[in-house]
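To be precise, the following lines are protein-v9.cif, and they hold mmCIF, C-alpha atoms.
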data_start
#
loop_
_atom_site.label_atom_id
_atom_site.label_comp_id
_atom_site.auth_asym_id
_atom_site.auth_seq_id
_atom_site.Cartn_x
_atom_site.Cartn_y
_atom_site.Cartn_z
CA MET H 1 105.42 98.99 66.81
CA LEU H 2 108.73 98.82 68.63
CA ASP H 3 109.60 95.94 70.93
CA ILE H 4 108.97 96.98 74.56
CA LYS H 5 111.89 94.79 75.62
CA LEU H 6 114.23 96.92 73.51
CA ILE H 7 112.79 100.07 75.02
CA ARG H 8 113.33 98.73 78.54
CA GLU H 9 116.89 97.60 77.81
CA ASN H 10 118.10 100.42 75.52
CA PRO H 11 115.99 103.57 75.98
CA LYS H 12 118.94 105.88 75.31
CA GLU H 13 119.84 104.18 72.01
CA ILE H 14 116.23 104.19 70.82
CA LYS H 15 115.87 107.90 71.62
CA GLU H 16 119.05 108.67 69.69
CA ARG H 17 118.02 106.64 66.65
CA LEU H 18 114.60 108.26 66.54
CA LEU H 19 116.25 111.68 66.79
CA ALA H 20 118.15 110.74 63.61
CA LYS H 21 114.69 110.58 62.04
CA GLU H 22 114.09 114.13 63.22
CA ALA H 23 111.53 112.82 65.70
CA ASP H 24 111.86 113.69 69.39
CA PHE H 25 110.10 110.95 71.35
CA ASN H 26 112.20 111.33 74.51
CA ALA H 27 109.29 112.33 76.74
CA ASP H 28 107.04 109.65 75.23
CA ILE H 29 109.61 106.93 75.83
CA ASP H 30 110.09 108.02 79.43
CA ARG H 31 106.33 107.92 79.94
CA ILE H 32 106.07 104.52 78.22
CA LEU H 33 108.61 103.11 80.66
CA GLU H 34 106.64 104.52 83.61
CA LEU H 35 103.39 103.08 82.26
CA ASP H 36 105.02 99.74 81.48
CA LEU H 37 106.21 99.42 85.09
CA LEU H 38 102.82 100.49 86.45
CA ARG H 39 101.02 98.15 84.05
CA ARG H 40 103.05 95.17 85.22
CA GLU H 41 102.48 96.11 88.87
CA LEU H 42 98.73 96.39 88.35
CA ILE H 43 98.60 93.07 86.51
CA SER H 44 100.49 91.41 89.36
CA GLN H 45 98.21 92.96 92.00
CA SER H 46 95.08 92.02 90.06
CA ASP H 47 96.29 88.44 89.54
CA ASN H 48 97.15 88.09 93.22
CA SER H 49 93.76 89.46 94.29
CA LYS H 50 91.95 87.13 91.89
CA ALA H 51 93.94 84.17 93.19
CA GLU H 52 93.03 85.17 96.77
CA GLN H 53 89.39 85.60 95.75
CA LYS H 54 89.38 82.12 94.27
CA ARG H 55 91.02 80.65 97.36
CA VAL H 56 88.57 82.31 99.74
CA SER H 57 85.54 81.42 97.63
CA LYS H 58 86.42 77.73 97.94
CA ARG H 59 86.00 77.97 101.73
CA ILE H 60 82.42 79.17 101.63
CA PRO H 61 80.66 75.89 100.65
CA THR H 62 82.62 74.02 103.33
CA MET H 63 81.75 76.62 106.00
CA LYS H 64 78.07 76.61 105.07
CA LYS H 65 77.97 72.82 105.17
CA ALA H 66 79.51 72.93 108.65
CA GLY H 67 76.98 75.55 109.77
CA GLU H 68 79.63 78.19 110.32
CA ASP H 69 79.02 81.93 110.05
CA THR H 70 80.23 83.12 106.61
CA SER H 71 79.53 86.83 107.06
CA ALA H 72 83.19 87.75 107.63
CA VAL H 73 84.28 85.72 104.61
CA MET H 74 81.54 87.26 102.47
CA ALA H 75 82.68 90.71 103.55
CA GLN H 76 86.23 89.76 102.59
CA MET H 77 84.96 88.59 99.20
CA LYS H 78 83.15 91.90 98.71
CA THR H 79 86.35 93.81 99.57
CA LEU H 80 88.37 91.65 97.16
CA SER H 81 85.79 92.08 94.39
CA ASP H 82 85.78 95.87 94.78
CA SER H 83 89.58 95.93 94.80
CA ILE H 84 89.76 93.82 91.64
CA LYS H 85 87.30 96.11 89.86
CA GLU H 86 89.36 99.16 90.81
CA LEU H 87 92.60 97.49 89.73
CA ASP H 88 91.14 96.36 86.41
CA GLU H 89 89.69 99.80 85.70
CA ARG H 90 93.00 101.43 86.51
CA LEU H 91 94.77 98.84 84.32
CA ARG H 92 92.45 99.67 81.40
CA GLU H 93 93.28 103.36 81.75
CA VAL H 94 97.02 102.69 81.94
CA GLU H 95 96.96 100.29 78.98
CA ALA H 96 94.96 102.75 76.87
CA GLU H 97 97.59 105.46 77.38
CA TYR H 98 100.41 102.94 76.98
CA ASN H 99 99.03 101.56 73.70
CA THR H 100 98.42 105.07 72.30
CA LEU H 101 102.02 106.07 72.99
CA MET H 102 103.45 102.80 71.67
CA LEU H 103 101.44 103.07 68.45
CA GLY H 104 102.64 106.65 68.03
CA LEU H 105 106.35 105.79 68.08
CA TYR H 106 108.09 105.82 64.70
CA ASN H 107 110.10 102.88 63.49
CA MET H 108 113.82 103.10 64.18
CA PRO H 109 115.97 103.85 61.13
CA ASP H 110 118.71 101.40 60.23
CA VAL H 111 122.04 102.37 61.78
CA ASP H 112 123.80 102.97 58.45
CA LEU H 113 121.42 105.74 57.36
CA LYS H 114 122.55 109.34 57.52
CA PRO H 115 120.65 111.39 60.11
CA GLY H 116 118.49 114.32 59.10
CA GLY H 117 116.14 115.05 56.23
CA LYS H 118 116.17 114.93 52.45
CA GLU H 119 119.17 117.26 52.26
CA ASN H 120 121.20 114.21 53.34
CA ASN H 121 119.73 111.80 50.79
CA GLU H 122 122.47 110.02 48.85
CA PRO H 123 122.25 109.05 45.15
CA ILE H 124 124.02 105.70 44.94
CA ARG H 125 123.76 104.92 41.20
CA TYR H 126 122.59 106.33 37.89
CA PHE H 127 121.41 104.67 34.70
CA GLY H 128 121.74 106.31 31.31
CA GLU H 129 122.08 109.99 30.51
CA PRO H 130 119.52 112.81 30.56
CA PRO H 131 117.99 113.30 27.11
CA THR H 132 119.11 116.29 25.06
CA PHE H 133 117.15 118.13 22.40
CA ASP H 134 118.21 120.29 19.45
CA TYR H 135 114.83 122.02 19.55
CA GLU H 136 112.60 123.55 22.25
CA PRO H 137 111.00 120.51 23.92
CA LYS H 138 107.45 120.55 25.23
CA ASN H 139 106.43 119.75 28.78
CA HIS H 140 104.25 116.74 29.50
CA VAL H 141 101.09 118.79 30.09
CA ASP H 142 101.24 120.31 26.62
CA LEU H 143 102.29 117.02 25.01
CA CYS H 144 99.48 115.04 26.61
CA THR H 145 96.97 117.74 25.74
CA ASP H 146 98.14 118.23 22.15
CA LEU H 147 98.23 114.49 21.49
CA GLY H 148 94.81 113.96 23.06
CA LEU H 149 96.13 111.60 25.74
CA ILE H 150 94.91 113.36 28.86
CA ASP H 151 91.96 115.67 29.46
CA TYR H 152 92.88 117.81 32.46
CA GLN H 153 89.97 120.23 32.15
CA ARG H 154 87.29 117.56 32.23
CA GLY H 155 89.07 115.77 35.06
CA ALA H 156 88.86 118.96 37.10
CA LYS H 157 85.23 119.42 36.03
CA LEU H 158 84.36 115.94 37.30
CA SER H 159 86.30 115.95 40.57
CA GLY H 160 88.27 119.18 41.07
CA ASN H 161 91.98 119.96 40.92
CA GLY H 162 94.34 117.01 41.15
CA PHE H 163 92.27 114.72 38.91
CA TRP H 164 92.45 113.98 35.20
CA VAL H 165 90.87 111.82 32.51
CA TYR H 166 92.84 109.34 30.39
CA LYS H 167 91.44 109.15 26.87
CA GLY H 168 92.11 107.33 23.61
CA LEU H 169 95.75 106.36 23.21
CA GLY H 170 96.47 107.91 26.62
CA ALA H 171 94.17 105.39 28.29
CA ARG H 172 95.72 102.59 26.24
CA LEU H 173 99.23 103.78 27.16
CA GLU H 174 98.31 103.78 30.85
CA TRP H 175 96.90 100.27 30.53
CA ALA H 176 99.99 99.15 28.62
CA LEU H 177 102.23 100.35 31.44
CA LEU H 178 100.20 98.46 34.05
CA ASN H 179 100.25 95.29 31.96
CA TYR H 180 104.01 95.59 31.46
CA PHE H 181 104.53 95.95 35.21
CA ILE H 182 102.25 93.06 36.15
CA ASP H 183 103.62 90.66 33.52
CA SER H 184 107.18 91.39 34.66
CA HIS H 185 106.33 90.67 38.30
CA LEU H 186 104.45 87.47 37.49
CA LYS H 187 107.50 86.18 35.64
CA ASN H 188 109.52 86.79 38.81
CA GLY H 189 107.32 84.73 41.09
CA PHE H 190 104.95 87.31 42.58
CA GLU H 191 101.31 86.43 43.26
CA LEU H 192 98.73 88.88 41.92
CA ILE H 193 96.19 90.23 44.42
CA PHE H 194 93.19 92.51 43.88
CA PRO H 195 92.39 93.84 47.36
CA PRO H 196 89.36 95.88 48.44
CA LEU H 197 89.68 99.62 47.90
CA LEU H 198 87.82 100.37 51.15
CA LEU H 199 89.72 99.40 54.29
CA GLY H 200 88.93 99.23 57.99
CA TYR H 201 90.79 101.13 60.68
CA GLU H 202 92.96 98.15 61.70
CA ALA H 203 94.60 98.13 58.27
CA GLY H 204 95.82 101.67 58.91
CA ILE H 205 97.09 100.70 62.37
CA THR H 206 99.01 97.70 61.00
CA SER H 207 100.64 99.67 58.19
CA GLY H 208 101.77 102.37 60.65
CA GLN H 209 99.76 105.19 59.06
CA PHE H 210 97.33 105.40 61.99
CA PRO H 211 96.75 106.93 64.43
CA LYS H 212 99.14 109.80 63.61
CA PHE H 213 98.38 110.17 59.89
CA GLU H 214 94.72 109.17 59.77
CA GLN H 215 93.72 112.57 58.38
CA ASP H 216 95.90 112.01 55.30
CA VAL H 217 93.37 109.57 53.81
CA TYR H 218 89.83 109.91 52.49
CA TRP H 219 87.23 108.63 54.96
CA LEU H 220 83.78 107.24 54.12
CA GLU H 221 81.19 107.20 56.89
CA ASN H 222 77.74 105.63 57.08
CA GLY H 223 76.72 106.94 60.49
CA GLU H 224 78.28 104.22 62.65
CA GLU H 225 81.81 104.75 63.97
CA SER H 226 82.55 101.02 63.80
CA GLN H 227 81.64 100.97 60.11
CA LYS H 228 83.96 103.78 59.02
CA LYS H 229 86.12 102.90 56.03
CA PHE H 230 88.90 104.76 54.26
CA LEU H 231 89.95 104.74 50.63
CA LEU H 232 93.15 102.81 50.07
CA PRO H 233 96.13 105.22 49.80
CA THR H 234 98.42 102.46 48.53
CA ALA H 235 98.02 98.70 48.14
CA GLU H 236 100.72 98.27 50.79
CA THR H 237 98.13 99.24 53.40
CA ALA H 238 95.99 96.28 52.40
CA LEU H 239 98.74 93.75 51.63
CA VAL H 240 100.58 94.09 54.96
CA SER H 241 97.26 93.35 56.71
CA LEU H 242 96.52 90.33 54.56
CA HIS H 243 97.92 88.00 57.25
CA ARG H 244 97.03 90.11 60.27
CA ASN H 245 96.59 88.00 63.43
CA GLU H 246 97.91 84.90 61.64
CA ILE H 247 100.72 82.47 62.37
CA LEU H 248 102.52 81.37 59.20
CA ASN H 249 104.80 78.40 58.73
CA GLU H 250 108.43 79.18 57.94
CA SER H 251 108.11 77.04 54.81
CA GLU H 252 105.53 79.54 53.47
CA LEU H 253 108.06 82.36 53.50
CA PRO H 254 108.82 84.46 51.61
CA LYS H 255 105.36 85.50 50.52
CA LYS H 256 105.64 87.74 47.47
CA TYR H 257 102.59 89.72 46.45
CA ILE H 258 101.77 92.36 43.86
CA ALA H 259 98.55 94.32 43.62
CA TYR H 260 97.23 96.76 41.06
CA THR H 261 94.98 99.45 42.52
CA PRO H 262 94.07 103.06 42.07
CA CYS H 263 95.46 105.00 45.04
CA PHE H 264 93.74 107.89 46.78
CA ARG H 265 95.72 110.58 48.58
CA ARG H 266 94.86 113.80 50.32
CA GLU H 267 97.73 116.17 49.59
CA ALA H 268 98.38 118.86 52.21
CA GLY H 269 99.33 122.34 51.05
CA SER H 270 99.49 123.77 47.56
CA TYR H 271 101.30 122.33 44.58
CA ARG H 272 104.55 123.83 43.43
CA ALA H 273 104.48 125.62 40.08
CA ASP H 274 106.41 122.77 38.42
CA GLU H 275 104.09 120.06 39.75
CA ARG H 276 101.37 120.54 37.18
CA GLY H 277 99.43 117.87 35.39
CA MET H 278 99.94 114.35 36.72
CA ILE H 279 103.01 114.92 38.90
CA ARG H 280 100.96 115.23 42.07
CA GLY H 281 97.32 114.17 42.23
CA HIS H 282 94.62 112.79 44.48
CA GLN H 283 94.10 109.58 42.47
CA PHE H 284 96.66 107.59 40.53
CA ASN H 285 97.36 104.02 39.44
CA LYS H 286 100.07 101.89 40.94
CA VAL H 287 101.33 98.33 41.07
CA GLU H 288 102.67 97.59 44.55
CA MET H 289 105.11 94.88 45.62
CA VAL H 290 105.04 93.45 49.17
CA GLN H 291 107.07 90.68 50.74
CA TYR H 292 106.79 88.83 54.04
CA THR H 293 110.13 87.28 55.02
CA CYS H 294 111.93 85.79 57.98
CA PRO H 295 114.36 88.30 59.55
CA GLU H 296 117.55 86.73 58.21
CA GLU H 297 116.26 87.05 54.61
CA SER H 298 115.07 90.61 55.05
CA ASP H 299 118.08 92.42 53.57
CA ALA H 300 118.18 90.16 50.52
CA ALA H 301 114.45 90.71 49.96
CA PHE H 302 115.02 94.47 50.08
CA GLU H 303 117.71 94.30 47.41
CA GLU H 304 115.45 92.11 45.29
CA LEU H 305 112.64 94.67 45.41
CA VAL H 306 115.02 97.51 44.53
CA ALA H 307 116.34 95.48 41.58
CA ARG H 308 112.78 94.73 40.40
CA ALA H 309 111.80 98.41 40.44
CA GLU H 310 115.02 99.43 38.68
CA ALA H 311 114.54 96.75 36.02
CA LEU H 312 111.09 98.10 35.15
CA VAL H 313 112.37 101.65 34.70
CA LYS H 314 115.42 100.42 32.83
CA GLY H 315 113.18 98.36 30.52
CA LEU H 316 111.40 101.55 29.50
CA GLY H 317 114.74 103.03 28.50
CA PHE H 318 114.62 105.93 30.93
CA HIS H 319 117.42 107.81 32.58
CA TYR H 320 117.01 107.43 36.36
CA ARG H 321 118.87 107.37 39.63
CA THR H 322 118.54 105.33 42.82
CA VAL H 323 118.68 107.31 46.05
CA LYS H 324 119.33 106.07 49.58
CA LEU H 325 117.13 108.15 51.85
CA ALA H 326 118.40 109.76 55.03
CA ALA H 327 116.73 108.65 58.24
CA GLY H 328 114.49 111.70 58.45
CA ASP H 329 113.19 111.28 54.90
CA CYS H 330 112.08 107.70 55.50
CA SER H 331 108.41 107.43 56.40
CA ALA H 332 107.37 106.90 60.00
CA ALA H 333 106.87 103.14 59.63
CA MET H 334 110.03 102.37 57.67
CA ALA H 335 113.54 101.47 58.81
CA ARG H 336 115.08 101.88 55.36
CA THR H 337 114.05 103.31 51.99
CA TYR H 338 115.58 103.64 48.53
CA ASP H 339 113.81 105.84 45.98
CA ILE H 340 114.05 105.26 42.24
CA GLU H 341 113.79 108.71 40.69
CA ILE H 342 113.14 109.31 37.02
CA TYR H 343 114.33 112.36 35.10
CA ILE H 344 111.63 114.75 33.84
CA PRO H 345 113.21 117.23 31.40
CA SER H 346 110.71 120.09 31.84
CA MET H 347 111.42 120.09 35.58
CA ASN H 348 115.16 119.75 35.04
CA GLY H 349 115.18 117.27 37.87
CA TYR H 350 114.10 113.93 39.24
CA LYS H 351 110.80 112.67 40.61
CA GLU H 352 110.30 109.50 42.62
CA VAL H 353 108.44 106.71 40.80
CA SER H 354 109.19 103.96 43.30
CA SER H 355 109.96 103.88 47.00
CA VAL H 356 111.28 100.53 48.23
CA SER H 357 111.20 100.16 51.99
CA ASN H 358 111.90 97.68 54.76
CA ALA H 359 109.71 97.97 57.85
CA ARG H 360 111.62 95.18 59.64
CA ASP H 361 109.17 93.76 62.26
CA TYR H 362 107.47 97.13 62.97
CA GLN H 363 104.29 96.44 60.97
CA ALA H 364 104.19 92.76 61.92
CA ARG H 365 104.14 93.67 65.62
CA ARG H 366 101.27 96.07 65.05
CA GLY H 367 99.33 93.45 63.10
CA MET H 368 100.49 90.36 65.03
CA VAL H 369 101.85 88.62 61.94
CA ARG H 370 104.11 85.81 63.12
CA TYR H 371 105.64 82.60 61.86
CA ARG H 372 106.75 79.38 63.50
CA ARG H 373 110.45 78.62 63.18
CA GLU H 374 111.14 75.13 61.85
CA ASP H 375 114.28 74.58 63.95
CA THR H 376 112.87 75.58 67.35
CA GLY H 377 109.10 75.64 66.92
CA LYS H 378 109.10 79.10 68.50
CA LEU H 379 107.08 82.01 67.20
CA ALA H 380 108.74 85.10 65.74
CA PHE H 381 107.55 88.19 63.92
CA VAL H 382 107.96 88.32 60.15
CA HIS H 383 109.59 91.24 58.38
CA THR H 384 107.48 93.17 55.86
CA LEU H 385 108.83 95.06 52.85
CA ASN H 386 107.15 97.05 50.13
CA GLY H 387 107.99 98.84 46.91
CA SER H 388 106.20 100.61 44.09
CA GLY H 389 106.45 98.53 41.00
CA LEU H 390 105.57 101.10 39.60
CA ALA H 391 103.32 104.17 39.94
CA THR H 392 102.25 105.52 36.56
CA SER H 393 101.46 109.16 37.30
CA ARG H 394 105.10 110.21 36.93
CA ILE H 395 106.16 107.47 34.52
CA LEU H 396 103.79 108.72 31.84
CA PRO H 397 104.99 112.36 32.02
CA ALA H 398 108.60 111.16 31.83
CA LEU H 399 107.72 108.84 28.95
CA VAL H 400 106.21 111.55 26.75
CA GLU H 401 108.92 114.10 27.61
CA GLN H 402 111.95 111.83 27.21
CA ASN H 403 110.55 110.20 24.05
CA GLN H 404 109.18 113.28 22.30
CA GLN H 405 110.30 114.21 18.78
CA LYS H 406 110.62 117.56 17.06
CA ASP H 407 107.29 117.21 15.24
CA GLY H 408 105.45 116.73 18.55
CA SER H 409 105.10 112.96 18.23
CA VAL H 410 106.09 110.52 20.99
CA VAL H 411 107.91 107.21 20.48
CA ILE H 412 106.39 104.35 22.47
CA PRO H 413 108.99 102.26 24.35
CA GLU H 414 109.47 98.90 22.68
CA VAL H 415 108.36 96.90 25.74
CA LEU H 416 104.93 98.54 25.59
CA ARG H 417 104.18 98.11 21.90
CA LYS H 418 102.70 94.63 22.18
CA TYR H 419 100.13 96.05 24.60
CA MET H 420 99.40 98.92 22.19
CA GLY H 421 98.46 96.77 19.21
CA GLY H 422 101.87 97.30 17.61
CA ILE H 423 101.68 101.10 17.60
CA GLU H 424 105.20 102.52 17.66
CA ILE H 425 104.63 106.29 17.56
CA ILE H 426 101.83 108.50 18.80
CA GLU H 427 101.42 111.05 16.02
CA PRO H 428 100.21 114.64 16.42
CA ARG H 429 96.54 115.08 15.66
CA ASP H 430 95.55 116.84 12.45
#
Just give me the structure as structure tokens.
Amino acid sequence: MLDIKLIRENPKEIKERLLAKEADFNADIDRILELDLLRRELISQSDNSKAEQKRVSKRIPTMKKAGEDTSAVMAQMKTLSDSIKELDERLREVEAEYNTLMLGLYNMPDVDLKPGGKENNEPIRYFGEPPTFDYEPKNHVDLCTDLGLIDYQRGAKLSGNGFWVYKGLGARLEWALLNYFIDSHLKNGFELIFPPLLLGYEAGITSGQFPKFEQDVYWLENGEESQKKFLLPTAETALVSLHRNEILNESELPKKYIAYTPCFRREAGSYRADERGMIRGHQFNKVEMVQYTCPEESDAAFEELVARAEALVKGLGFHYRTVKLAAGDCSAAMARTYDIEIYIPSMNGYKEVSSVSNARDYQARRGMVRYRREDTGKLAFVHTLNGSGLATSRILPALVEQNQQKDGSVVIPEVLRKYMGGIEIIEPRD
């Protein structure tokens, strides 16, 4: 959520920065300012009427004791009571519209981001070189099928398109990747969390996914609206709500969490022809990094998360690039995002395996996550940051394609071998 004080003081700047995100909120911001003024007027009127009601009510016992007629005062009390009810009802209506519009505003992009969409994304560094082959390489779908790593047909039989089954060495390879990610994060001071996979509506509000994108998740209902839960789309949604409605001490910051979870996504539209297999699915595994920081440490925390994600990909020996996203390609809740994109030979291009983002205080305002400054004792909102560290559903395709050999075997990256019982090569089946 954006700070209403900033909206009051700089509506033109906020409109312009949101337009850089290809989001026209001009009319909404104008209406928010109208509602904010009306809300404050109604609060003032209601407070004044309640103060008058309290003052008048104090006269009644004294008048009764003195035998005076209280009918006029009682009539005044009735008028005040009716007025207060009308003011409070009007205030509830105004605040409901105000809160809906405020929750619908996107986060402002950082000022150094290029405006526009993904056509303005900027690769800022590369690692390694794309692999070359002196034979006709296979794509990951054929490799995983031929080597018995993934069963796509039975995944579709169980759950439909966009699902798959890990089997044998494929399941062990998936588990090896997750262990490699988690061990690396633990060595760098992150705390491991296993959150619930079913979340309440407030978690979606805090993360910034709701109300606008609430149809992008899978909902579970048991007949009562208040008991509705949704399947976690990413562990970020849970982790940024971990301290919702809490006041932290500055000495507790930064808080550095990782969580391993399966992630569940509803994907709108049809898949492109090159997005077969595991490239885009409804369920995938991911290790997520989240940090809570004080504002002045926010930029350094962002660079740390980017470096952590890059180190994991680099450790696997992959060719990748890091891309600074344009404002319009950043998600609604984020002020800044870098994608780490890994090269997949069969697609002759790059696919994102980690998005590292800084929400600034946007999520903290929505979830009322604050901390007490040591120097002043005053409360301030934390900054929240997140990054995939990493998602496996594109790592594994890149792994088998970049590490394939002419005979159809796949070399296991050295960092994974200890989790694979020392296996170095996955050999073709007889």
The PyMOL selection byres ((chain H and resi 399-407) around 9) resolved against shown file, as a ChimeraX atom specification: /H:130-140,143-144,316,318-319,343-346,394-398,408-413,427-428
Of the listed residues H:Ser355, H:Ser331, H:Thr392, H:Thr145, that which approaches H:Phe302 most closely, counting only C-alpha atoms: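 So, comparing all the options, the nearest one is H:Ser355.
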Residues matched by the PyMOL selection byres ((chain H and resi 281) around 9) as a ChimeraX atom specification: /H:161-164,264-267,277-280,282-284,393
Hits of the PyMOL selection byres ((chain H and resi 24-36) around 12) in this structure, as a PyMOL selection string: chain H and resi 2-23+37-43+90-108+328
Residue among H:Glu225, H:Glu236, H:Glu288, H:Glu129 lying closest to H:Gly204, counting only C-alpha atoms: H:Glu236
